[in-house]
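Colleague: Please find upload.cif (mmCIF, C-alpha atoms) on the next line:
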```cif
data_input
#
loop_
_atom_site.group_PDB
_atom_site.id
_atom_site.type_symbol
_atom_site.label_atom_id
_atom_site.label_comp_id
_atom_site.auth_asym_id
_atom_site.auth_seq_id
_atom_site.Cartn_x
_atom_site.Cartn_y
_atom_site.Cartn_z
ATOM 1 C CA VAL T 184 3.410 -6.810 7.259
ATOM 2 C CA TYR T 185 6.683 -5.504 8.673
ATOM 3 C CA ARG T 186 4.917 -3.798 11.568
ATOM 4 C CA SER T 187 2.698 -6.758 12.358
ATOM 5 C CA MET T 188 5.569 -9.241 12.160
ATOM 6 C CA SER T 189 7.486 -7.217 14.726
ATOM 7 C CA ALA T 190 4.642 -7.843 17.159
ATOM 8 C CA ILE T 191 5.612 -11.517 17.464
ATOM 9 C CA ARG T 192 9.358 -10.983 17.660
ATOM 10 C CA GLY T 193 9.461 -11.804 21.364
ATOM 11 C CA GLY T 194 7.568 -15.052 20.996
ATOM 12 C CA ALA T 195 9.574 -16.058 17.963
ATOM 13 C CA VAL T 196 12.886 -15.917 19.819
ATOM 14 C CA ALA T 197 11.977 -19.224 21.460
ATOM 15 C CA ILE T 198 12.465 -20.952 18.129
ATOM 16 C CA THR T 199 16.244 -20.578 18.287
ATOM 17 C CA GLY T 200 16.420 -23.652 20.488
ATOM 18 C CA LEU T 201 15.262 -25.661 17.486
ATOM 19 C CA SER T 202 13.449 -28.074 19.740
ATOM 20 C CA LEU T 203 10.425 -29.895 18.422
ATOM 21 C CA LEU T 204 8.418 -28.587 21.354
ATOM 22 C CA GLY T 205 9.423 -25.022 20.592
ATOM 23 C CA LEU T 206 8.420 -25.355 16.944
ATOM 24 C CA SER T 207 5.103 -26.902 17.945
ATOM 25 C CA LEU T 208 4.338 -24.069 20.334
ATOM 26 C CA LEU T 209 5.142 -21.560 17.627
ATOM 27 C CA GLY T 210 2.786 -23.379 15.290
ATOM 28 C CA VAL T 211 -0.054 -23.355 17.790
ATOM 29 C CA PHE T 212 0.300 -19.898 19.299
ATOM 30 C CA GLY T 213 2.752 -17.849 17.257
ATOM 31 C CA LEU T 214 1.163 -18.432 13.871
ATOM 32 C CA GLU T 215 -2.299 -17.560 15.088
ATOM 33 C CA LEU T 216 -0.908 -14.358 16.592
ATOM 34 C CA PHE T 217 0.940 -13.661 13.354
ATOM 35 C CA CYS T 218 -2.258 -14.114 11.350
ATOM 36 C CA GLU T 219 -4.375 -11.916 13.569
ATOM 37 C CA THR T 220 -1.841 -9.109 13.926
ATOM 38 C CA THR T 221 -1.306 -9.119 10.159
ATOM 39 C CA LEU T 222 -5.021 -8.760 9.444
ATOM 40 C CA ARG T 223 -5.924 -6.469 12.353
ATOM 41 C CA LEU T 224 -3.534 -3.588 12.844
ATOM 42 C CA PRO T 225 -3.685 -0.729 15.348
ATOM 43 C CA ARG T 226 -5.458 2.286 13.925
ATOM 44 C CA ARG T 227 -3.518 5.522 13.730
ATOM 45 C CA GLN T 228 -5.520 8.747 13.648
ATOM 46 C CA ALA T 229 -3.729 12.075 13.345
ATOM 47 C CA PRO T 230 -5.285 15.568 13.305
ATOM 48 C CA LEU T 231 -6.552 16.670 9.905
ATOM 49 C CA ASP T 232 -6.305 20.076 8.293
ATOM 50 C CA PRO T 233 -9.583 21.875 9.166
ATOM 51 C CA ASN T 234 -9.803 23.098 5.573
ATOM 52 C CA TRP T 235 -10.099 19.540 4.281
ATOM 53 C CA GLU T 236 -13.650 18.359 3.633
ATOM 54 C CA THR T 237 -14.472 14.908 5.019
ATOM 55 C CA VAL T 238 -16.278 12.700 2.494
ATOM 56 C CA ARG T 239 -17.574 9.142 2.728
ATOM 57 C CA ILE T 240 -18.564 6.285 0.460
ATOM 58 C CA GLU T 241 -19.894 2.817 1.160
ATOM 59 C CA ALA T 242 -17.613 -0.015 0.042
ATOM 60 C CA ARG T 243 -18.986 -3.007 -1.836
ATOM 61 C CA ASP T 244 -19.052 -5.076 1.347
ATOM 62 C CA GLY T 245 -20.854 -2.351 3.295
ATOM 63 C CA ALA T 246 -17.833 -0.833 5.071
ATOM 64 C CA MET T 247 -17.958 2.961 5.359
ATOM 65 C CA LEU T 248 -14.803 4.543 3.965
ATOM 66 C CA GLU T 249 -13.607 8.067 4.718
ATOM 67 C CA GLY T 250 -11.431 10.511 2.855
ATOM 68 C CA SER T 251 -10.508 14.181 2.676
ATOM 69 C CA TRP T 252 -11.524 16.207 -0.387
ATOM 70 C CA ILE T 253 -9.356 19.235 -1.168
ATOM 71 C CA GLN T 254 -10.407 21.531 -3.994
ATOM 72 C CA THR T 255 -8.450 24.406 -5.477
ATOM 73 C CA ASN T 256 -9.828 25.642 -8.769
ATOM 74 C CA THR T 257 -13.297 24.106 -8.851
ATOM 75 C CA SER T 258 -13.323 24.250 -12.650
ATOM 76 C CA SER T 259 -10.288 21.953 -12.883
ATOM 77 C CA HIS T 260 -10.908 18.467 -14.239
ATOM 78 C CA ARG T 261 -7.563 17.029 -13.127
ATOM 79 C CA CYS T 262 -7.703 15.132 -9.855
ATOM 80 C CA VAL T 263 -5.383 12.880 -7.861
ATOM 81 C CA LEU T 264 -6.297 10.061 -5.473
ATOM 82 C CA MET T 265 -3.699 9.638 -2.701
ATOM 83 C CA VAL T 266 -3.569 6.318 -0.831
ATOM 84 C CA PRO T 267 -1.368 5.949 2.296
ATOM 85 C CA GLY T 268 0.566 2.897 3.381
ATOM 86 C CA ILE T 269 -0.098 0.348 6.072
ATOM 87 C CA GLY T 270 -0.256 1.711 9.596
ATOM 88 C CA ALA T 271 -0.690 5.262 8.279
ATOM 89 C CA SER T 272 -3.655 7.602 7.982
ATOM 90 C CA ARG T 273 -4.588 10.187 5.400
ATOM 91 C CA ALA T 274 -3.063 12.928 7.549
ATOM 92 C CA ASP T 275 0.362 11.428 6.789
ATOM 93 C CA MET T 276 -0.068 12.359 3.112
ATOM 94 C CA HIS T 277 -0.198 16.095 3.784
ATOM 95 C CA TRP T 278 3.317 16.553 2.391
ATOM 96 C CA PHE T 279 2.022 15.901 -1.114
ATOM 97 C CA VAL T 280 -0.860 18.372 -1.046
ATOM 98 C CA PRO T 281 0.979 21.699 -1.733
ATOM 99 C CA PRO T 282 2.514 20.841 -5.149
ATOM 100 C CA PHE T 283 -0.741 19.427 -6.491
ATOM 101 C CA TYR T 284 -2.646 22.331 -4.978
ATOM 102 C CA ARG T 285 -0.375 24.788 -6.784
ATOM 103 C CA HIS T 286 -0.921 22.959 -10.076
ATOM 104 C CA ASN T 287 -4.718 23.113 -9.752
ATOM 105 C CA TYR T 288 -5.382 19.457 -9.032
ATOM 106 C CA LYS T 289 -8.364 18.479 -6.950
ATOM 107 C CA ILE T 290 -7.095 16.095 -4.276
ATOM 108 C CA LEU T 291 -8.711 13.166 -2.489
ATOM 109 C CA ILE T 292 -6.761 11.479 0.319
ATOM 110 C CA THR T 293 -8.316 8.325 1.738
ATOM 111 C CA ASP T 294 -7.977 6.150 4.800
ATOM 112 C CA ASP T 295 -7.628 2.501 3.818
ATOM 113 C CA ARG T 296 -10.234 0.115 5.164
ATOM 114 C CA ALA T 297 -9.544 -0.896 8.780
ATOM 115 C CA GLN T 298 -7.138 2.047 9.034
ATOM 116 C CA GLY T 299 -7.586 5.636 10.200
ATOM 117 C CA THR T 300 -11.281 6.476 10.453
ATOM 118 C CA SER T 301 -12.477 4.157 7.685
ATOM 119 C CA GLY T 302 -14.674 1.193 8.514
ATOM 120 C CA GLY T 303 -13.848 -2.444 7.957
ATOM 121 C CA SER T 304 -12.192 -4.874 10.325
ATOM 122 C CA LEU T 305 -9.485 -6.513 8.192
ATOM 123 C CA VAL T 306 -6.476 -5.256 6.262
ATOM 124 C CA THR T 307 -6.286 -7.331 3.069
ATOM 125 C CA TYR T 308 -3.246 -5.775 1.323
ATOM 126 C CA GLY T 309 -5.157 -4.877 -1.824
ATOM 127 C CA LEU T 310 -7.513 -7.830 -2.168
ATOM 128 C CA LEU T 311 -10.504 -5.672 -1.154
ATOM 129 C CA GLU T 312 -8.786 -2.287 -1.114
ATOM 130 C CA LYS T 313 -8.340 -2.286 -4.905
ATOM 131 C CA PHE T 314 -12.114 -2.155 -5.307
ATOM 132 C CA ASP T 315 -12.255 0.642 -2.737
ATOM 133 C CA ALA T 316 -9.774 2.642 -4.839
ATOM 134 C CA ILE T 317 -11.857 2.077 -7.970
ATOM 135 C CA ASP T 318 -15.018 3.188 -6.177
ATOM 136 C CA TRP T 319 -13.255 6.315 -4.923
ATOM 137 C CA ALA T 320 -12.160 7.059 -8.501
ATOM 138 C CA HIS T 321 -15.774 6.719 -9.658
ATOM 139 C CA TRP T 322 -16.807 9.134 -6.886
ATOM 140 C CA MET T 323 -14.219 11.611 -8.141
ATOM 141 C CA GLN T 324 -15.533 11.305 -11.670
ATOM 142 C CA ARG T 325 -18.979 12.221 -10.384
ATOM 143 C CA GLN T 326 -17.408 15.382 -8.922
ATOM 144 C CA GLY T 327 -16.305 16.446 -12.397
ATOM 145 C CA CYS T 328 -12.886 14.748 -12.544
ATOM 146 C CA SER T 329 -12.399 13.707 -16.160
ATOM 147 C CA SER T 330 -8.716 12.897 -15.529
ATOM 148 C CA VAL T 331 -8.000 10.870 -12.371
ATOM 149 C CA TYR T 332 -4.427 10.070 -11.327
ATOM 150 C CA GLY T 333 -3.153 7.921 -8.463
ATOM 151 C CA LEU T 334 -0.374 8.467 -5.915
ATOM 152 C CA GLY T 335 0.270 5.606 -3.504
ATOM 153 C CA GLU T 336 2.757 5.031 -0.705
ATOM 154 C CA SER T 337 3.938 1.522 0.277
ATOM 155 C CA MET T 338 0.812 -0.656 0.530
ATOM 156 C CA GLY T 339 -1.148 2.195 -1.025
ATOM 157 C CA ALA T 340 1.105 1.948 -4.075
ATOM 158 C CA SER T 341 0.475 -1.790 -4.338
ATOM 159 C CA ILE T 342 -3.279 -1.195 -3.983
ATOM 160 C CA LEU T 343 -3.334 1.225 -6.923
ATOM 161 C CA ILE T 344 -1.350 -1.156 -9.126
ATOM 162 C CA GLN T 345 -3.815 -3.951 -8.377
ATOM 163 C CA ALA T 346 -6.771 -1.624 -9.023
ATOM 164 C CA ALA T 347 -5.414 -0.701 -12.456
ATOM 165 C CA GLU T 348 -5.620 -4.338 -13.537
ATOM 166 C CA VAL T 349 -9.313 -4.543 -12.607
ATOM 167 C CA GLU T 350 -10.396 -1.307 -14.303
ATOM 168 C CA PRO T 351 -8.398 1.447 -16.075
ATOM 169 C CA VAL T 352 -9.796 4.308 -13.995
ATOM 170 C CA PHE T 353 -6.432 6.088 -13.615
ATOM 171 C CA ARG T 354 -4.675 7.947 -16.409
ATOM 172 C CA SER T 355 -1.377 7.163 -14.670
ATOM 173 C CA ILE T 356 -0.061 6.114 -11.254
ATOM 174 C CA ALA T 357 2.943 7.126 -9.141
ATOM 175 C CA ALA T 358 3.773 4.229 -6.826
ATOM 176 C CA GLU T 359 6.405 4.615 -4.108
ATOM 177 C CA CYS T 360 7.887 1.567 -2.357
ATOM 178 C CA ALA T 361 5.317 -0.941 -3.602
ATOM 179 C CA PHE T 362 5.754 -4.613 -2.748
ATOM 180 C CA SER T 363 5.759 -6.928 -5.748
ATOM 181 C CA ASP T 364 4.059 -10.005 -4.280
ATOM 182 C CA LEU T 365 2.630 -10.553 -0.826
ATOM 183 C CA ARG T 366 3.808 -14.085 -0.114
ATOM 184 C CA PRO T 367 7.552 -13.719 -0.818
ATOM 185 C CA SER T 368 7.480 -10.336 0.907
ATOM 186 C CA ALA T 369 6.001 -11.855 4.047
ATOM 187 C CA GLU T 370 8.471 -14.741 3.932
ATOM 188 C CA ALA T 371 11.410 -12.335 3.691
ATOM 189 C CA VAL T 372 10.176 -10.334 6.682
ATOM 190 C CA PHE T 373 9.632 -13.536 8.658
ATOM 191 C CA ARG T 374 13.210 -14.626 7.971
ATOM 192 C CA GLU T 375 14.494 -11.226 9.035
ATOM 193 C CA LEU T 376 12.638 -11.150 12.329
ATOM 194 C CA VAL T 377 12.738 -14.802 13.397
ATOM 195 C CA PRO T 378 16.270 -15.864 14.425
ATOM 196 C CA LEU T 379 16.799 -19.180 12.642
ATOM 197 C CA PRO T 380 19.860 -20.796 11.082
ATOM 198 C CA ALA T 381 20.100 -20.115 7.375
ATOM 199 C CA TRP T 382 19.423 -23.723 6.409
ATOM 200 C CA LEU T 383 16.153 -23.721 8.370
ATOM 201 C CA ALA T 384 14.937 -20.169 7.800
ATOM 202 C CA LYS T 385 13.627 -20.597 4.270
ATOM 203 C CA PRO T 386 11.477 -23.718 4.761
ATOM 204 C CA VAL T 387 10.127 -22.481 8.091
ATOM 205 C CA SER T 388 9.212 -19.055 6.691
ATOM 206 C CA ARG T 389 7.574 -20.661 3.672
ATOM 207 C CA GLY T 390 5.557 -22.983 5.874
ATOM 208 C CA ALA T 391 4.608 -20.272 8.386
ATOM 209 C CA VAL T 392 3.382 -17.859 5.736
ATOM 210 C CA GLY T 393 1.583 -20.658 3.906
ATOM 211 C CA ILE T 394 -0.315 -21.555 7.079
ATOM 212 C CA ALA T 395 -1.093 -17.876 7.676
ATOM 213 C CA LEU T 396 -2.593 -17.553 4.200
ATOM 214 C CA GLN T 397 -4.717 -20.637 4.767
ATOM 215 C CA TYR T 398 -5.819 -19.282 8.140
ATOM 216 C CA ALA T 399 -7.041 -16.043 6.552
ATOM 217 C CA ARG T 400 -8.907 -17.934 3.843
ATOM 218 C CA LEU T 401 -10.572 -20.496 6.107
ATOM 219 C CA ARG T 402 -11.435 -18.210 9.016
ATOM 220 C CA TYR T 403 -12.330 -15.005 7.191
ATOM 221 C CA GLY T 404 -12.818 -16.029 3.565
ATOM 222 C CA VAL T 405 -9.926 -13.774 2.535
ATOM 223 C CA ASP T 406 -7.683 -15.381 -0.091
ATOM 224 C CA LEU T 407 -4.488 -13.382 0.225
ATOM 225 C CA ARG T 408 -2.787 -15.678 -2.278
ATOM 226 C CA GLN T 409 -4.382 -13.475 -4.932
ATOM 227 C CA VAL T 410 -2.463 -10.388 -3.754
ATOM 228 C CA SER T 411 0.210 -10.006 -6.420
ATOM 229 C CA PRO T 412 0.979 -6.525 -7.779
ATOM 230 C CA ILE T 413 3.585 -7.995 -10.111
ATOM 231 C CA ARG T 414 0.913 -10.084 -11.770
ATOM 232 C CA SER T 415 -1.402 -7.078 -11.914
ATOM 233 C CA ILE T 416 1.122 -4.702 -13.461
ATOM 234 C CA ALA T 417 1.810 -7.200 -16.239
ATOM 235 C CA HIS T 418 -1.862 -7.026 -17.262
ATOM 236 C CA THR T 419 -2.458 -3.277 -17.268
ATOM 237 C CA GLN T 420 -1.815 -0.607 -19.855
ATOM 238 C CA THR T 421 -1.921 2.156 -17.236
ATOM 239 C CA PRO T 422 1.427 4.020 -17.105
ATOM 240 C CA VAL T 423 3.088 3.520 -13.714
ATOM 241 C CA LEU T 424 6.016 5.497 -12.310
ATOM 242 C CA LEU T 425 7.715 3.303 -9.702
ATOM 243 C CA ILE T 426 9.687 5.205 -7.066
ATOM 244 C CA HIS T 427 11.931 3.487 -4.533
ATOM 245 C CA GLY T 428 14.687 4.469 -2.137
ATOM 246 C CA THR T 429 17.892 2.472 -2.345
ATOM 247 C CA LYS T 430 18.121 2.416 1.472
ATOM 248 C CA ASP T 431 14.647 0.950 2.011
ATOM 249 C CA ARG T 432 14.978 -1.793 4.639
ATOM 250 C CA LYS T 433 11.274 -2.621 4.939
ATOM 251 C CA THR T 434 10.541 -3.215 1.265
ATOM 252 C CA PRO T 435 13.855 -3.504 -0.595
ATOM 253 C CA TYR T 436 14.086 -1.689 -3.900
ATOM 254 C CA TRP T 437 14.314 -4.939 -5.880
ATOM 255 C CA HIS T 438 10.513 -5.087 -5.535
ATOM 256 C CA SER T 439 10.150 -2.031 -7.765
ATOM 257 C CA GLN T 440 12.833 -3.337 -10.100
ATOM 258 C CA ALA T 441 10.829 -6.523 -10.570
ATOM 259 C CA LEU T 442 7.621 -4.538 -11.101
ATOM 260 C CA ALA T 443 9.332 -2.333 -13.678
ATOM 261 C CA GLN T 444 10.489 -5.373 -15.635
ATOM 262 C CA ALA T 445 6.997 -6.888 -15.580
ATOM 263 C CA GLY T 446 5.007 -3.753 -16.455
ATOM 264 C CA PRO T 447 4.544 -2.940 -20.152
ATOM 265 C CA LYS T 448 4.136 0.757 -19.317
ATOM 266 C CA ALA T 449 6.194 0.995 -16.133
ATOM 267 C CA SER T 450 9.195 3.221 -15.493
ATOM 268 C CA LEU T 451 11.506 3.287 -12.481
ATOM 269 C CA TRP T 452 13.181 6.006 -10.442
ATOM 270 C CA LEU T 453 15.579 4.750 -7.767
ATOM 271 C CA VAL T 454 16.316 7.443 -5.202
ATOM 272 C CA PRO T 455 19.835 7.245 -3.698
ATOM 273 C CA GLU T 456 20.022 7.253 0.107
ATOM 274 C CA ALA T 457 16.240 7.340 0.543
ATOM 275 C CA GLY T 458 14.596 4.945 2.992
ATOM 276 C CA HIS T 459 11.067 3.582 3.053
ATOM 277 C CA VAL T 460 8.599 6.124 1.590
ATOM 278 C CA SER T 461 11.098 8.928 2.107
ATOM 279 C CA ALA T 462 11.871 9.899 -1.486
ATOM 280 C CA HIS T 463 9.968 13.163 -1.094
ATOM 281 C CA GLY T 464 11.790 13.967 2.127
ATOM 282 C CA THR T 465 15.150 13.186 0.509
ATOM 283 C CA GLN T 466 14.602 14.944 -2.815
ATOM 284 C CA PRO T 467 11.390 16.991 -2.552
ATOM 285 C CA GLU T 468 11.874 19.198 -5.607
ATOM 286 C CA GLU T 469 12.917 16.301 -7.825
ATOM 287 C CA PHE T 470 10.060 14.158 -6.524
ATOM 288 C CA GLU T 471 7.499 16.835 -7.352
ATOM 289 C CA ARG T 472 9.040 17.545 -10.745
ATOM 290 C CA ARG T 473 9.102 13.903 -11.797
ATOM 291 C CA VAL T 474 5.617 13.031 -10.591
ATOM 292 C CA LEU T 475 3.925 16.125 -12.003
ATOM 293 C CA GLN T 476 5.765 15.744 -15.294
ATOM 294 C CA PHE T 477 4.804 12.080 -15.450
ATOM 295 C CA PHE T 478 1.151 12.928 -14.881
ATOM 296 C CA ASP T 479 1.273 15.719 -17.477
#
```
Show me, as structure tokens, the structure contained in the file I just sent.
Modeller:
Amino acid sequence: VYRSMSAIRGGAVAITGLSLLGLSLLGVFGLELFCETTLRLPRRQAPLDPNWETVRIEARDGAMLEGSWIQTNTSSHRCVLMVPGIGASRADMHWFVPPFYRHNYKILITDDRAQGTSGGSLVTYGLLEKFDAIDWAHWMQRQGCSSVYGLGESMGASILIQAAEVEPVFRSIAAECAFSDLRPSAEAVFRELVPLPAWLAKPVSRGAVGIALQYARLRYGVDLRQVSPIRSIAHTQTPVLLIHGTKDRKTPYWHSQALAQAGPKASLWLVPEAGHVSAHGTQPEEFERRVLQFFD
């Protein structure tokens, strides 16, 4: 959402005049652009380790999804599903492979639908992706994984939390920089990027995001109003370790605080001085220790 919102920054500057004409033009052109750039993001494809095996499954709507399967000890029954964030590809998760490799986990890193090399045309922030994660977990079980864990970054973290509400396929989940609810998150980003007076920013952002949600539902049949990790975490018994940097400017750490309060089996680790999805880069040894210990 942050990346896609930045795409309309230039057009949104016109709203500072506060003229009725300017607001109307934003409504006609800016909101449609906002909707489309939020649902259809540029794909990022980075080189993959040649030792990773490419695997594929067909999603429930027919989209072909791709992932990388990394096996160490083939007799191990412990496996971890890694889900990247928005605008990222599975290659960006390579930092997390070595510690799990050393501890004899089988590893599956996926590209989200409409991202990387996976099929699908729309990013739905977990609405469809949660079922993709469940289907990947079932695939892993068919490979001999009796214990499946989840590690998600940013949107990937929110996807795993939503998946856990639908079906308890994960023994536990490590979720870094998850957003708590899509609508207020989008409204906050809108207010940050669109230069409006304080008294006008809140109602305009609420209205703009509301129209965007309706647009997605009416044009594509995608009801993004249902995307609410905070509601999902309140209805799951899956243990969730929430990780968040205190310097995160894209998804402030209060999102994970709210999730921790709502989750019956949620715990929280706030990482001082870490930015968005940079806890591992800031404290790599502590990150690995906490996550592996939590899974154990």
Colleague: Give me, as a Markdown table, the closest atom pair and its distance (Å, one decimal) for every residue of stretch 253-296 of chain T within a cut-off of 10 Å of stretch 352-358 of chain T, counting only C-alpha atoms, rows sorted by chain and rising number.
Modeller:
```
| residue | atom | partner | partner_atom | distance |
| --- | --- | --- | --- | --- |
| T:Cys262 | CA | T:Phe353 | CA | 9.9 |
| T:Val263 | CA | T:Phe353 | CA | 9.0 |
| T:Leu264 | CA | T:Phe353 | CA | 9.1 |
| T:Met265 | CA | T:Ala357 | CA | 9.6 |
| T:Val266 | CA | T:Ala358 | CA | 9.7 |
```
Colleague: Point out the residue among T:Val372, T:Ala462, T:Thr293, T:Trp319 with the least atom-to-atom distance to T:Cys360, counting all atoms listed in the file.
Modeller: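 The shortest atom-to-atom distance to T:Cys360 comes from T:Ala462.
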Colleague: Calculated over all atoms listed in the file, which of the candidates T:His463, T:Arg296, T:Arg223, T:His321 has the smallest distance to T:Ser272?
Modeller: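 The answer is T:Arg296, which sits nearest to T:Ser272.
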Colleague: The PyMOL selection byres ((chain T and resi 365) around 12) - which residues does that actually catch in the file I just gave you? List them as a PyMOL selection string.
Modeller: chain T and resi 184-185+221+307-310+338+341-342+345+361-364+366-372+392-393+395-396+406-414+434+438
Colleague: Those residues with C-alpha atoms, as a tab-separated table (two decimals), in the coordinates of the input please?
Modeller:
```tsv
chain	number	residue	atom	x	y	z
T	184	VAL	CA	3.41	-6.81	7.26
T	185	TYR	CA	6.68	-5.50	8.67
T	221	THR	CA	-1.31	-9.12	10.16
T	307	THR	CA	-6.29	-7.33	3.07
T	308	TYR	CA	-3.25	-5.78	1.32
T	309	GLY	CA	-5.16	-4.88	-1.82
T	310	LEU	CA	-7.51	-7.83	-2.17
T	338	MET	CA	0.81	-0.66	0.53
T	341	SER	CA	0.48	-1.79	-4.34
T	342	ILE	CA	-3.28	-1.20	-3.98
T	345	GLN	CA	-3.82	-3.95	-8.38
T	361	ALA	CA	5.32	-0.94	-3.60
T	362	PHE	CA	5.75	-4.61	-2.75
T	363	SER	CA	5.76	-6.93	-5.75
T	364	ASP	CA	4.06	-10.01	-4.28
T	366	ARG	CA	3.81	-14.08	-0.11
T	367	PRO	CA	7.55	-13.72	-0.82
T	368	SER	CA	7.48	-10.34	0.91
T	369	ALA	CA	6.00	-11.86	4.05
T	370	GLU	CA	8.47	-14.74	3.93
T	371	ALA	CA	11.41	-12.34	3.69
T	372	VAL	CA	10.18	-10.33	6.68
T	392	VAL	CA	3.38	-17.86	5.74
T	393	GLY	CA	1.58	-20.66	3.91
T	395	ALA	CA	-1.09	-17.88	7.68
T	396	LEU	CA	-2.59	-17.55	4.20
T	406	ASP	CA	-7.68	-15.38	-0.09
T	407	LEU	CA	-4.49	-13.38	0.22
T	408	ARG	CA	-2.79	-15.68	-2.28
T	409	GLN	CA	-4.38	-13.48	-4.93
T	410	VAL	CA	-2.46	-10.39	-3.75
T	411	SER	CA	0.21	-10.01	-6.42
T	412	PRO	CA	0.98	-6.52	-7.78
T	413	ILE	CA	3.58	-8.00	-10.11
T	414	ARG	CA	0.91	-10.08	-11.77
T	434	THR	CA	10.54	-3.22	1.26
T	438	HIS	CA	10.51	-5.09	-5.54
```
Colleague: T:Gly299, T:Pro282, T:Gly250, T:Gly268: which is nearest T:Pro467, counting all atoms listed in the file?
Modeller: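 For T:Pro467, the nearest of the given residues is T:Pro282.
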Colleague: What separation in Å, quoted to one decimal, exists between atom CA of T:Ala246 and atom CA of T:Ser301?
Modeller: 7.8 Å
Colleague: Using atom CA of T:Arg432 and atom CA of T:Ser461 as the two end points, give the distance in Å to one decimal.
Modeller: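 Distance reported for this atom pair: 11.7 Å.
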Colleague: As an exercise, work out the distance from atom CA of T:Trp252 to atom CA of T:Leu425 in Å and give it to one decimal place.
Modeller: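 Atom-to-atom, atom CA of T:Trp252 and atom CA of T:Leu425 are spaced 25.0 Å apart.
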Colleague: Between T:Gly333, T:Pro230, T:Gly339, T:Pro386, which has the minimum distance to T:Leu424 (counting all atoms listed in the file)?
Modeller: T:Gly333
Colleague: Point out the residue among T:Leu475, T:Ala297, T:Leu231, T:Val423 with the least atom-to-atom distance to T:Leu442, counting only C-alpha atoms.
Modeller: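 Comparing T:Leu475, T:Ala297, T:Leu231, T:Val423 against T:Leu442, the winner is T:Val423.
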Colleague: Find, counting all atoms listed in the file, the residue in T:Ser304, T:Gln444, T:Gln420, T:Ser330 that gets nearest to T:Tyr403.
Modeller: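 For T:Tyr403, the nearest of the given residues is T:Ser304.
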Colleague: Compile the contact shell of T:Ser259 as a PyMOL selection string: residues with an atom at most 12 Å away, counting all atoms listed in the file, same-chain residues fewer than 5 positions apart removed.
Modeller: chain T and resi 254+283-290+324+326-331
